[in-house]
$ cat work-v5.cif   # mmCIF, C-alpha atoms
data_structure
#
loop_
_atom_site.group_PDB
_atom_site.id
_atom_site.type_symbol
_atom_site.label_atom_id
_atom_site.label_comp_id
_atom_site.auth_asym_id
_atom_site.auth_seq_id
_atom_site.Cartn_x
_atom_site.Cartn_y
_atom_site.Cartn_z
ATOM 1 C CA MET A 6 21.060 -15.287 -17.836
ATOM 2 C CA LEU A 7 18.844 -14.524 -20.849
ATOM 3 C CA ALA A 8 17.023 -17.821 -20.413
ATOM 4 C CA LEU A 9 16.324 -16.930 -16.800
ATOM 5 C CA ALA A 10 15.066 -13.498 -17.832
ATOM 6 C CA ILE A 11 12.639 -15.106 -20.303
ATOM 7 C CA HIS A 12 11.603 -17.927 -17.996
ATOM 8 C CA GLU A 13 10.867 -15.605 -15.090
ATOM 9 C CA PRO A 14 7.815 -13.873 -16.583
ATOM 10 C CA THR A 15 6.483 -16.766 -18.682
ATOM 11 C CA ALA A 16 6.248 -19.134 -15.720
ATOM 12 C CA ASN A 17 3.997 -16.686 -13.903
ATOM 13 C CA TRP A 18 1.946 -15.520 -16.861
ATOM 14 C CA ILE A 19 0.650 -19.029 -17.614
ATOM 15 C CA ALA A 20 -1.181 -19.171 -14.296
ATOM 16 C CA ALA A 21 -2.086 -15.488 -14.151
ATOM 17 C CA LYS A 22 -5.745 -15.206 -13.215
ATOM 18 C CA TRP A 23 -5.566 -11.432 -13.271
ATOM 19 C CA LEU A 24 -5.223 -11.410 -17.078
ATOM 20 C CA LEU A 25 -8.617 -13.117 -17.339
ATOM 21 C CA TRP A 26 -9.925 -10.672 -14.754
ATOM 22 C CA ILE A 27 -8.812 -7.641 -16.816
ATOM 23 C CA GLY A 28 -10.335 -9.136 -19.939
ATOM 24 C CA LEU A 29 -13.668 -9.729 -18.196
ATOM 25 C CA TYR A 30 -13.932 -6.134 -17.009
ATOM 26 C CA LEU A 31 -12.838 -4.601 -20.290
ATOM 27 C CA ILE A 32 -15.180 -6.794 -22.329
ATOM 28 C CA LEU A 33 -18.250 -6.810 -20.069
ATOM 29 C CA GLY A 34 -17.869 -3.302 -18.693
ATOM 30 C CA ILE A 35 -16.912 -1.334 -21.793
ATOM 31 C CA PHE A 36 -16.947 -3.343 -25.008
ATOM 32 C CA VAL A 37 -20.328 -5.089 -24.534
ATOM 33 C CA PRO A 38 -22.323 -1.859 -23.851
ATOM 34 C CA TRP A 39 -20.696 -0.275 -26.899
ATOM 35 C CA ALA A 40 -21.408 -3.342 -29.080
ATOM 36 C CA MET A 41 -25.031 -3.377 -27.844
ATOM 37 C CA THR A 42 -25.601 0.200 -28.990
ATOM 38 C CA ARG A 43 -24.220 -0.768 -32.402
ATOM 39 C CA ALA A 44 -26.507 -3.812 -32.483
ATOM 40 C CA TRP A 45 -29.508 -1.700 -31.494
ATOM 41 C CA ALA A 46 -28.733 0.834 -34.239
ATOM 42 C CA HIS A 47 -28.395 -1.957 -36.781
ATOM 43 C CA GLN A 48 -31.665 -3.575 -35.687
ATOM 44 C CA HIS A 49 -33.595 -0.294 -35.882
ATOM 45 C CA HIS A 50 -31.974 0.745 -39.168
ATOM 46 C CA SER A 51 -30.538 3.810 -37.476
ATOM 47 C CA THR A 52 -27.524 5.679 -38.753
ATOM 48 C CA MET A 53 -26.377 6.230 -35.159
ATOM 49 C CA GLN A 54 -22.800 5.063 -34.635
ATOM 50 C CA PRO A 55 -21.855 6.211 -31.156
ATOM 51 C CA ARG A 56 -18.227 6.224 -30.095
ATOM 52 C CA LEU A 57 -17.140 5.323 -26.560
ATOM 53 C CA LYS A 58 -16.850 9.018 -25.735
ATOM 54 C CA GLU A 59 -20.487 9.642 -26.693
ATOM 55 C CA LEU A 60 -21.740 6.516 -24.961
ATOM 56 C CA PHE A 61 -20.117 7.484 -21.660
ATOM 57 C CA GLN A 62 -20.433 11.262 -21.987
ATOM 58 C CA HIS A 63 -22.406 11.704 -18.756
ATOM 59 C CA GLY A 64 -19.611 10.288 -16.603
ATOM 60 C CA GLU A 65 -20.903 6.696 -16.628
ATOM 61 C CA LEU A 66 -17.322 5.405 -16.656
ATOM 62 C CA GLY A 67 -17.083 6.777 -13.107
ATOM 63 C CA LEU A 68 -19.894 4.454 -12.117
ATOM 64 C CA VAL A 69 -18.076 1.531 -13.788
ATOM 65 C CA GLY A 70 -15.011 2.534 -11.733
ATOM 66 C CA LEU A 71 -17.011 2.459 -8.501
ATOM 67 C CA MET A 72 -18.368 -1.029 -9.274
ATOM 68 C CA LEU A 73 -14.844 -2.207 -10.079
ATOM 69 C CA ALA A 74 -13.534 -0.816 -6.788
ATOM 70 C CA ILE A 75 -16.277 -2.639 -4.845
ATOM 71 C CA ALA A 76 -15.365 -5.941 -6.543
ATOM 72 C CA VAL A 77 -11.678 -5.605 -5.639
ATOM 73 C CA ILE A 78 -12.473 -4.529 -2.052
ATOM 74 C CA TRP A 79 -14.496 -7.727 -1.755
ATOM 75 C CA ASP A 80 -11.546 -9.800 -3.063
ATOM 76 C CA LEU A 81 -9.191 -8.060 -0.627
ATOM 77 C CA GLN A 82 -11.514 -8.774 2.299
ATOM 78 C CA LYS A 83 -11.525 -12.476 1.400
ATOM 79 C CA SER A 84 -7.715 -12.638 1.164
ATOM 80 C CA GLN A 85 -5.333 -13.793 3.896
ATOM 81 C CA TYR A 86 -3.338 -10.570 3.945
ATOM 82 C CA SER A 87 -2.830 -8.958 7.349
ATOM 83 C CA SER A 88 -5.613 -6.713 8.594
ATOM 84 C CA HIS A 89 -3.403 -3.615 8.072
ATOM 85 C CA THR A 90 -2.826 -4.373 4.393
ATOM 86 C CA ILE A 91 -6.482 -5.192 3.803
ATOM 87 C CA ALA A 92 -7.531 -1.959 5.499
ATOM 88 C CA LEU A 93 -5.065 0.151 3.511
ATOM 89 C CA GLY A 94 -6.044 -1.364 0.185
ATOM 90 C CA SER A 95 -9.764 -1.165 0.926
ATOM 91 C CA VAL A 96 -9.589 2.487 2.000
ATOM 92 C CA PHE A 97 -7.677 3.560 -1.115
ATOM 93 C CA LEU A 98 -9.933 1.576 -3.418
ATOM 94 C CA ALA A 99 -13.044 2.967 -1.730
ATOM 95 C CA MET A 100 -11.703 6.533 -1.937
ATOM 96 C CA THR A 101 -10.857 6.364 -5.625
ATOM 97 C CA GLY A 102 -14.089 4.491 -6.372
ATOM 98 C CA ILE A 103 -16.181 7.144 -4.620
ATOM 99 C CA MET A 104 -14.355 9.919 -6.457
ATOM 100 C CA ALA A 105 -14.931 8.202 -9.794
ATOM 101 C CA GLY A 106 -18.607 7.668 -8.945
ATOM 102 C CA SER A 107 -18.971 11.292 -7.876
ATOM 103 C CA VAL A 108 -18.215 12.428 -11.444
ATOM 104 C CA TRP A 109 -21.359 10.634 -12.624
ATOM 105 C CA ILE A 110 -23.364 11.951 -9.648
ATOM 106 C CA GLU A 111 -22.227 15.544 -10.244
ATOM 107 C CA SER A 112 -23.028 15.212 -13.909
ATOM 108 C CA TYR A 113 -26.524 13.895 -13.085
ATOM 109 C CA CYS A 114 -27.155 16.709 -10.553
ATOM 110 C CA ARG A 115 -26.004 19.383 -13.000
ATOM 111 C CA ARG A 116 -28.223 18.047 -15.783
ATOM 112 C CA SER A 117 -31.211 17.660 -13.454
ATOM 113 C CA THR A 118 -30.982 21.178 -12.063
ATOM 114 C CA GLY A 119 -30.040 22.890 -15.308
ATOM 115 C CA THR A 120 -26.667 23.989 -13.907
ATOM 116 C CA ARG A 121 -23.897 24.498 -16.483
ATOM 117 C CA PHE A 122 -22.831 21.025 -17.664
ATOM 118 C CA THR A 123 -19.924 20.221 -19.984
ATOM 119 C CA PRO A 124 -20.052 16.664 -21.395
ATOM 120 C CA GLU A 125 -16.432 17.028 -22.509
ATOM 121 C CA ARG A 126 -15.305 17.646 -18.921
ATOM 122 C CA ALA A 127 -17.503 14.859 -17.492
ATOM 123 C CA TRP A 128 -16.057 12.410 -20.033
ATOM 124 C CA ARG A 129 -12.457 13.506 -19.362
ATOM 125 C CA ASP A 130 -12.770 13.370 -15.555
ATOM 126 C CA SER A 131 -14.626 10.057 -15.522
ATOM 127 C CA ARG A 132 -12.104 8.542 -17.948
ATOM 128 C CA SER A 133 -9.125 9.684 -15.847
ATOM 129 C CA LEU A 134 -10.592 8.486 -12.559
ATOM 130 C CA ALA A 135 -11.831 5.195 -14.045
ATOM 131 C CA LEU A 136 -8.318 4.629 -15.405
ATOM 132 C CA LEU A 137 -6.945 5.255 -11.920
ATOM 133 C CA VAL A 138 -9.369 2.785 -10.312
ATOM 134 C CA PHE A 139 -8.614 0.279 -13.054
ATOM 135 C CA SER A 140 -4.831 0.549 -12.534
ATOM 136 C CA LEU A 141 -5.202 0.252 -8.765
ATOM 137 C CA ALA A 142 -7.521 -2.722 -9.227
ATOM 138 C CA ILE A 143 -5.143 -4.515 -11.624
ATOM 139 C CA VAL A 144 -2.145 -4.159 -9.305
ATOM 140 C CA SER A 145 -4.272 -5.243 -6.325
ATOM 141 C CA GLU A 146 -5.383 -8.346 -8.249
ATOM 142 C CA ILE A 147 -1.771 -9.152 -9.223
ATOM 143 C CA LEU A 148 -0.726 -8.796 -5.570
ATOM 144 C CA LEU A 149 -3.656 -10.959 -4.451
ATOM 145 C CA ASP A 150 -2.730 -13.590 -7.037
ATOM 146 C CA ARG A 151 0.884 -13.651 -5.812
ATOM 147 C CA PHE A 152 -0.156 -13.809 -2.177
ATOM 148 C CA ALA A 153 -2.576 -16.693 -2.813
ATOM 149 C CA ARG A 154 0.274 -18.667 -4.422
ATOM 150 C CA VAL A 155 2.600 -17.976 -1.488
ATOM 151 C CA MET A 156 -0.053 -19.107 0.973
ATOM 152 C CA ALA A 157 -0.731 -22.254 -1.062
ATOM 153 C CA GLN A 158 2.928 -23.364 -0.861
ATOM 154 C CA MET B 23 -7.089 59.762 -24.723
ATOM 155 C CA ASN B 24 -6.207 56.624 -26.611
ATOM 156 C CA ALA B 25 -3.181 55.990 -24.449
ATOM 157 C CA SER B 26 -5.186 56.353 -21.223
ATOM 158 C CA ALA B 27 -7.866 53.975 -22.520
ATOM 159 C CA ALA B 28 -5.327 51.397 -23.569
ATOM 160 C CA ALA B 29 -3.478 51.523 -20.254
ATOM 161 C CA PRO B 30 -5.947 49.432 -18.200
ATOM 162 C CA ALA B 31 -6.205 46.932 -21.019
ATOM 163 C CA LEU B 32 -2.422 46.607 -21.228
ATOM 164 C CA ALA B 33 -2.010 46.347 -17.461
ATOM 165 C CA LYS B 34 -1.376 42.738 -16.616
ATOM 166 C CA GLU B 35 -4.108 41.025 -14.631
ATOM 167 C CA PRO B 36 -2.702 39.273 -11.563
ATOM 168 C CA ARG B 37 -2.409 35.569 -12.297
ATOM 169 C CA ARG B 38 -4.741 33.407 -10.244
ATOM 170 C CA THR B 39 -3.389 30.556 -8.126
ATOM 171 C CA VAL B 40 -3.749 27.255 -9.935
ATOM 172 C CA ALA B 41 -6.902 25.292 -9.097
ATOM 173 C CA MET B 42 -6.224 21.559 -9.024
ATOM 174 C CA ARG B 43 -8.773 18.922 -9.923
ATOM 175 C CA LEU B 44 -8.497 15.307 -8.809
ATOM 176 C CA ALA B 45 -8.517 14.167 -12.419
ATOM 177 C CA ASP B 46 -5.139 15.940 -12.890
ATOM 178 C CA PRO B 47 -3.019 13.606 -10.746
ATOM 179 C CA ALA B 48 -5.274 10.629 -11.552
ATOM 180 C CA VAL B 49 -3.747 9.934 -14.974
ATOM 181 C CA MET B 50 -0.154 10.286 -13.734
ATOM 182 C CA LEU B 51 -0.900 8.027 -10.767
ATOM 183 C CA ALA B 52 -2.545 5.495 -13.075
ATOM 184 C CA TYR B 53 0.634 5.400 -15.196
ATOM 185 C CA VAL B 54 2.797 4.890 -12.088
ATOM 186 C CA SER B 55 0.419 2.149 -11.017
ATOM 187 C CA PHE B 56 0.534 0.441 -14.422
ATOM 188 C CA LEU B 57 4.336 0.647 -14.366
ATOM 189 C CA PHE B 58 4.401 -1.044 -10.952
ATOM 190 C CA GLY B 59 2.033 -3.736 -12.277
ATOM 191 C CA LEU B 60 4.114 -4.272 -15.424
ATOM 192 C CA LEU B 61 7.325 -4.594 -13.414
ATOM 193 C CA LEU B 62 5.588 -7.160 -11.191
ATOM 194 C CA ALA B 63 4.310 -9.074 -14.213
ATOM 195 C CA PHE B 64 7.550 -9.100 -16.198
ATOM 196 C CA PHE B 65 9.985 -9.398 -13.281
ATOM 197 C CA PRO B 66 8.004 -11.373 -10.685
ATOM 198 C CA LEU B 67 11.139 -12.394 -8.780
ATOM 199 C CA SER B 68 13.725 -9.675 -9.236
ATOM 200 C CA PHE B 69 11.479 -6.612 -8.783
ATOM 201 C CA PRO B 70 9.966 -7.759 -5.448
ATOM 202 C CA ARG B 71 13.455 -8.852 -4.316
ATOM 203 C CA MET B 72 14.792 -5.394 -5.104
ATOM 204 C CA ILE B 73 12.006 -3.749 -3.061
ATOM 205 C CA VAL B 74 12.489 -6.073 -0.097
ATOM 206 C CA GLN B 75 16.282 -5.621 -0.105
ATOM 207 C CA ASN B 76 15.944 -1.842 -0.241
ATOM 208 C CA TRP B 77 13.467 -1.941 2.602
ATOM 209 C CA GLN B 78 15.833 -4.096 4.681
ATOM 210 C CA ASN B 79 18.668 -1.631 4.007
ATOM 211 C CA ALA B 80 16.409 1.279 5.073
ATOM 212 C CA ARG B 81 16.762 2.849 1.632
ATOM 213 C CA LEU B 82 13.222 2.298 0.398
ATOM 214 C CA THR B 83 11.443 5.076 2.307
ATOM 215 C CA PRO B 84 13.970 7.851 1.427
ATOM 216 C CA LEU B 85 13.880 6.737 -2.223
ATOM 217 C CA MET B 86 10.098 6.786 -2.241
ATOM 218 C CA ILE B 87 10.046 10.224 -0.607
ATOM 219 C CA LEU B 88 12.400 11.567 -3.267
ATOM 220 C CA PHE B 89 10.376 9.989 -6.071
ATOM 221 C CA THR B 90 6.925 11.067 -4.862
ATOM 222 C CA VAL B 91 7.899 14.630 -3.908
ATOM 223 C CA SER B 92 9.572 15.272 -7.273
ATOM 224 C CA LEU B 93 6.686 13.668 -9.148
ATOM 225 C CA ASN B 94 4.065 15.669 -7.228
ATOM 226 C CA LEU B 95 5.894 18.979 -7.634
ATOM 227 C CA GLY B 96 6.556 18.301 -11.315
ATOM 228 C CA LEU B 97 2.899 17.525 -11.904
ATOM 229 C CA TYR B 98 1.746 20.593 -9.987
ATOM 230 C CA LEU B 99 4.059 22.915 -11.930
ATOM 231 C CA ARG B 100 3.002 21.329 -15.216
ATOM 232 C CA VAL B 101 -0.698 21.905 -14.470
ATOM 233 C CA ALA B 102 0.062 25.504 -13.397
ATOM 234 C CA HIS B 103 1.952 26.088 -16.643
ATOM 235 C CA GLN B 104 -0.830 24.559 -18.762
ATOM 236 C CA ARG B 105 -3.517 26.723 -17.128
ATOM 237 C CA ALA B 106 -1.315 29.852 -17.141
ATOM 238 C CA SER B 107 -1.784 30.190 -13.370
ATOM 239 C CA LYS B 108 0.749 30.717 -10.636
ATOM 240 C CA PRO B 109 1.655 27.928 -8.207
ATOM 241 C CA GLY B 110 0.547 28.522 -4.603
ATOM 242 C CA ILE B 111 3.059 28.451 -1.762
ATOM 243 C CA VAL B 112 0.775 26.569 0.639
ATOM 244 C CA ALA B 113 -0.002 23.943 -2.005
ATOM 245 C CA SER B 114 3.696 23.536 -2.827
ATOM 246 C CA ALA B 115 4.505 23.133 0.862
ATOM 247 C CA CYS B 116 1.721 20.570 1.132
ATOM 248 C CA LEU B 117 3.087 18.642 -1.850
ATOM 249 C CA GLY B 118 6.542 18.651 -0.297
ATOM 250 C CA SER B 119 5.598 17.658 3.238
ATOM 251 C CA VAL B 120 2.525 15.408 3.078
ATOM 252 C CA PRO B 121 4.298 12.541 1.222
ATOM 253 C CA VAL B 122 6.988 12.529 3.930
ATOM 254 C CA PHE B 123 4.419 12.221 6.733
ATOM 255 C CA VAL B 124 2.352 9.651 4.840
ATOM 256 C CA LEU B 125 5.347 7.459 3.996
ATOM 257 C CA ALA B 126 6.757 7.699 7.523
ATOM 258 C CA ALA B 127 3.379 6.788 9.046
ATOM 259 C CA LEU B 128 2.852 3.881 6.666
ATOM 260 C CA ASN B 129 6.365 2.632 7.419
ATOM 261 C CA PHE B 130 5.297 2.257 11.055
ATOM 262 C CA VAL B 131 2.200 0.365 9.914
ATOM 263 C CA LEU B 132 4.435 -1.962 7.882
ATOM 264 C CA GLN B 133 6.709 -2.545 10.887
ATOM 265 C CA ALA B 134 3.653 -3.474 12.960
ATOM 266 C CA THR B 135 2.415 -5.832 10.242
ATOM 267 C CA ILE B 136 5.780 -7.610 10.010
ATOM 268 C CA THR B 137 6.087 -7.956 13.776
ATOM 269 C CA HIS B 138 2.588 -9.421 13.862
ATOM 270 C CA ALA B 139 3.333 -11.836 10.995
ATOM 271 C CA LEU B 140 6.604 -13.041 12.494
ATOM 272 C CA ALA B 141 5.057 -13.503 15.944
ATOM 273 C CA GLY B 142 2.539 -16.032 14.603
ATOM 274 C CA ASN B 143 3.379 -19.674 13.942
ATOM 275 C CA ILE B 144 3.236 -19.556 10.148
ATOM 276 C CA SER B 145 5.211 -22.094 8.118
ATOM 277 C CA ASN B 146 6.291 -19.743 5.310
ATOM 278 C CA ALA B 147 6.447 -16.506 7.285
ATOM 279 C CA PRO B 148 9.441 -14.984 5.369
ATOM 280 C CA ALA B 149 7.668 -15.331 2.008
ATOM 281 C CA GLN B 150 4.487 -13.916 3.497
ATOM 282 C CA VAL B 151 6.392 -10.995 4.987
ATOM 283 C CA ASP B 152 7.953 -10.260 1.577
ATOM 284 C CA GLU B 153 4.498 -10.135 0.006
ATOM 285 C CA GLU B 154 3.240 -7.846 2.764
ATOM 286 C CA ILE B 155 6.200 -5.500 2.162
ATOM 287 C CA LEU B 156 5.457 -5.483 -1.560
ATOM 288 C CA ALA B 157 1.741 -4.761 -1.116
ATOM 289 C CA GLN B 158 2.234 -2.065 1.500
ATOM 290 C CA THR B 159 4.975 -0.422 -0.561
ATOM 291 C CA TYR B 160 2.567 -0.135 -3.459
ATOM 292 C CA PHE B 161 -0.245 1.272 -1.297
ATOM 293 C CA ALA B 162 2.186 3.697 0.376
ATOM 294 C CA LEU B 163 3.385 4.917 -3.024
ATOM 295 C CA PHE B 164 -0.219 5.413 -4.064
ATOM 296 C CA ALA B 165 -1.080 7.308 -0.875
ATOM 297 C CA ALA B 166 2.032 9.521 -1.019
ATOM 298 C CA ILE B 167 1.180 10.700 -4.522
ATOM 299 C CA PHE B 168 -2.559 11.055 -4.079
ATOM 300 C CA ALA B 169 -2.983 12.349 -0.499
ATOM 301 C CA PRO B 170 -1.446 15.840 -1.078
ATOM 302 C CA PHE B 171 -3.640 16.482 -4.105
ATOM 303 C CA LEU B 172 -6.693 15.312 -2.195
ATOM 304 C CA LEU B 173 -5.846 17.735 0.636
ATOM 305 C CA ILE B 174 -5.304 20.603 -1.813
ATOM 306 C CA ARG B 175 -8.604 19.831 -3.512
ATOM 307 C CA LEU B 176 -10.459 19.741 -0.188
ATOM 308 C CA ALA B 177 -8.857 23.051 0.867
ATOM 309 C CA GLN B 178 -9.939 24.626 -2.426
ATOM 310 C CA GLN B 179 -13.472 23.342 -1.863
ATOM 311 C CA PHE B 180 -13.573 24.874 1.630
ATOM 312 C CA GLN B 181 -12.215 28.199 0.332
ATOM 313 C CA LYS B 182 -14.950 28.230 -2.318
ATOM 314 C CA THR B 183 -17.626 27.539 0.302
ATOM 315 C CA ASP B 184 -16.322 30.255 2.636
ATOM 316 C CA SER B 185 -16.086 32.968 0.006
#
$ encode --input "work-v5.cif" --output "structure tokens"
Amino acid sequence: MLALAIHEPTANWIAAKWLLWIGLYLILGIFVPWAMTRAWAHQHHSTMQPRLKELFQHGELGLVGLMLAIAVIWDLQKSQYSSHTIALGSVFLAMTGIMAGSVWIESYCRRSTGTRFTPERAWRDSRSLALLVFSLAIVSEILLDRFARVMAQ
Amino acid sequence: MNASAAAPALAKEPRRTVAMRLADPAVMLAYVSFLFGLLLAFFPLSFPRMIVQNWQNARLTPLMILFTVSLNLGLYLRVAHQRASKPGIVASACLGSVPVFVLAALNFVLQATITHALAGNISNAPAQVDEEILAQTYFALFAAIFAPFLLIRLAQQFQKTDS
């Protein structure tokens, strides 16, 4: 029973493409921009050491969320799921992606027009909505991975 | 004189109805989503089997209704408590009813999907149907939690525009 419980996840994790997918987005979407600012500061002998919160304080994470949503919508469209499932997934991903992107847009509009702007709030909202898009995207990729294996049998 | 001046200050201001922002349910929904993903990753056979069996026994939709309504109401009350505002009746009614409509409607969509899948000549139709049930259950769960808050947010936006 215990052996079955251990075997069940390990057999699927070995071939899990979605783990690589998560890693790519986390590294290229968040870690690389942060590392580049550090590299720039080092190169220009600056004392600047921005944290993630400062780097994405204008709601840029919302924009990352929108890009992520577009990528997963594209994967869903290419899948062999029924049209209903593809439509449902695409609509929810698009909705959350747009909402995440709107945090960055609102932040830009407020700064451009001199309307009251709170970086703390923009960071918090963009972080929450990007987390939502990210979670939705991960589960969608896991489901797509499972479905591709079923169809390949 | 002092007492009359202090009276308005001591009089309690009426508490405003809580204003929801979409970022409020976003974190909770993300956690639910991650939990679903983790269960799929760690129990790739038993968790989907449990969902499919519950769906076949017609227990899945009532369970999801119970889960989403309690989660939504709990979240709404928590936000109201944190912001020292009072919960609105219309919003509470929306949180209690919208998940029921959403889940019922999406159950019909799932029925249509399964009928369509079984009607076709597919070699591994049962396995495909199971995956469709799993995917649509996840999307339905997502919609049932998020849709009421989206409606409340839109209503608040319209109220702000009108006033």
$ interface_residues --input "work-v5.cif" --of "chain A" --to "chain B" --cutoff "7 Å" --atoms "all atoms listed in the file" --output "CSV table (one decimal) with C-alpha atoms, in the frame of the given file"
chain,number,residue,atom,x,y,z
A,13,GLU,CA,10.9,-15.6,-15.1
A,14,PRO,CA,7.8,-13.9,-16.6
A,87,SER,CA,-2.8,-9.0,7.3
A,89,HIS,CA,-3.4,-3.6,8.1
A,90,THR,CA,-2.8,-4.4,4.4
A,93,LEU,CA,-5.1,0.2,3.5
A,94,GLY,CA,-6.0,-1.4,0.2
A,130,ASP,CA,-12.8,13.4,-15.6
A,133,SER,CA,-9.1,9.7,-15.8
A,134,LEU,CA,-10.6,8.5,-12.6
A,136,LEU,CA,-8.3,4.6,-15.4
A,137,LEU,CA,-6.9,5.3,-11.9
A,140,SER,CA,-4.8,0.5,-12.5
A,141,LEU,CA,-5.2,0.3,-8.8
A,144,VAL,CA,-2.1,-4.2,-9.3
A,148,LEU,CA,-0.7,-8.8,-5.6
A,152,PHE,CA,-0.2,-13.8,-2.2
A,155,VAL,CA,2.6,-18.0,-1.5
$ residues_near_point --input "work-v5.cif" --point "(6.5, 5.2, 3.6)" --cutoff "9 Å" --atoms "only C-alpha atoms" --output "PyMOL selection string"
chain B and resi 82-84+86-87+121-130+132+158-159+162-163+166
$ resolve_selection --input "work-v5.cif" --expression "the PyMOL selection byres ((chain B and resi 39) around 9)" --output "list in words"
Arg37, Arg38, Val40, Ala41, Ala102, Ser107, Lys108, Pro109 and Gly110 of chain B
$ write_last_selection --input "work-v5.cif" --atoms "C-alpha atoms" --output "short mmCIF file (atom, residue, chain, number, x, y, z; two decimals), in the coordinates of the input"
data_model
loop_
_atom_site.label_atom_id
_atom_site.label_comp_id
_atom_site.auth_asym_id
_atom_site.auth_seq_id
_atom_site.Cartn_x
_atom_site.Cartn_y
_atom_site.Cartn_z
CA ARG B 37 -2.41 35.57 -12.30
CA ARG B 38 -4.74 33.41 -10.24
CA VAL B 40 -3.75 27.26 -9.94
CA ALA B 41 -6.90 25.29 -9.10
CA ALA B 102 0.06 25.50 -13.40
CA SER B 107 -1.78 30.19 -13.37
CA LYS B 108 0.75 30.72 -10.64
CA PRO B 109 1.66 27.93 -8.21
CA GLY B 110 0.55 28.52 -4.60
#
$ resolve_selection --input "work-v5.cif" --expression "the PyMOL selection byres ((chain A and resi 126-128) around 8)" --output "VMD selection string"
chain A and resid 58 61 to 64 66 108 to 109 112 123 to 125 129 to 132
$ residues_around --input "work-v5.cif" --residues "Trp39 in chain A" --least-positions-apart "6" --cutoff "10 Å" --atoms "all atoms listed in the file" --output "PyMOL selection string"
chain A and resi 32-33+54-57+59-61
$ resolve_selection --input "work-v5.cif" --expression "the PyMOL selection byres ((chain A and resi 73) around 12)" --output "PyMOL selection string"
chain A and resi 26-27+29-31+33-35+66-72+74-80+98-99+101-103+105-106+134-143+145-146
$ atom_distance --input "work-v5.cif" --atom1 "CA of Leu173 in chain B" --atom2 "CA of Met104 in chain A"
13.6 Å
$ residues_around --input "work-v5.cif" --residues "Ser92 in chain B" --least-positions-apart "4" --cutoff "10 Å" --atoms "all atoms listed in the file" --output "list in words"
Met86, Ile87, Leu88, Gly96, Leu97, Tyr98, Leu117, Gly118 and Ile167 of chain B
$ write_last_selection --input "work-v5.cif" --atoms "C-alpha atoms" --output "PDB file, in the coordinates of the input"
ATOM      1  CA  MET B  86      10.098   6.786  -2.241  1.00  0.00           C
ATOM      2  CA  ILE B  87      10.046  10.224  -0.607  1.00  0.00           C
ATOM      3  CA  LEU B  88      12.400  11.567  -3.267  1.00  0.00           C
ATOM      4  CA  GLY B  96       6.556  18.301 -11.315  1.00  0.00           C
ATOM      5  CA  LEU B  97       2.899  17.525 -11.904  1.00  0.00           C
ATOM      6  CA  TYR B  98       1.746  20.593  -9.987  1.00  0.00           C
ATOM      7  CA  LEU B 117       3.087  18.642  -1.850  1.00  0.00           C
ATOM      8  CA  GLY B 118       6.542  18.651  -0.297  1.00  0.00           C
ATOM      9  CA  ILE B 167       1.180  10.700  -4.522  1.00  0.00           C
TER      10      ILE B 167
END
$ atom_distance --input "work-v5.cif" --atom1 "CA of Phe97 in chain A" --atom2 "CA of Leu81 in chain A"
11.7 Å
$ axis_aligned_box --input "work-v5.cif" --around "range 43-55 of chain B" --padding-each-side "4 Å" --output "JSON"
{"center_x": -3.0, "center_y": 10.5, "center_z": -12.0, "size_x": 19.6, "size_y": 24.8, "size_z": 14.4}
$ atom_distance --input "work-v5.cif" --atom1 "CA of Asn94 in chain B" --atom2 "CA of Ser107 in chain A"
23.5 Å
$ residues_around --input "work-v5.cif" --residues "Ile174 in chain B" --least-positions-apart "5" --cutoff "8 Å" --atoms "all atoms listed in the file" --output "PyMOL selection string"
chain B and resi 42+113+116
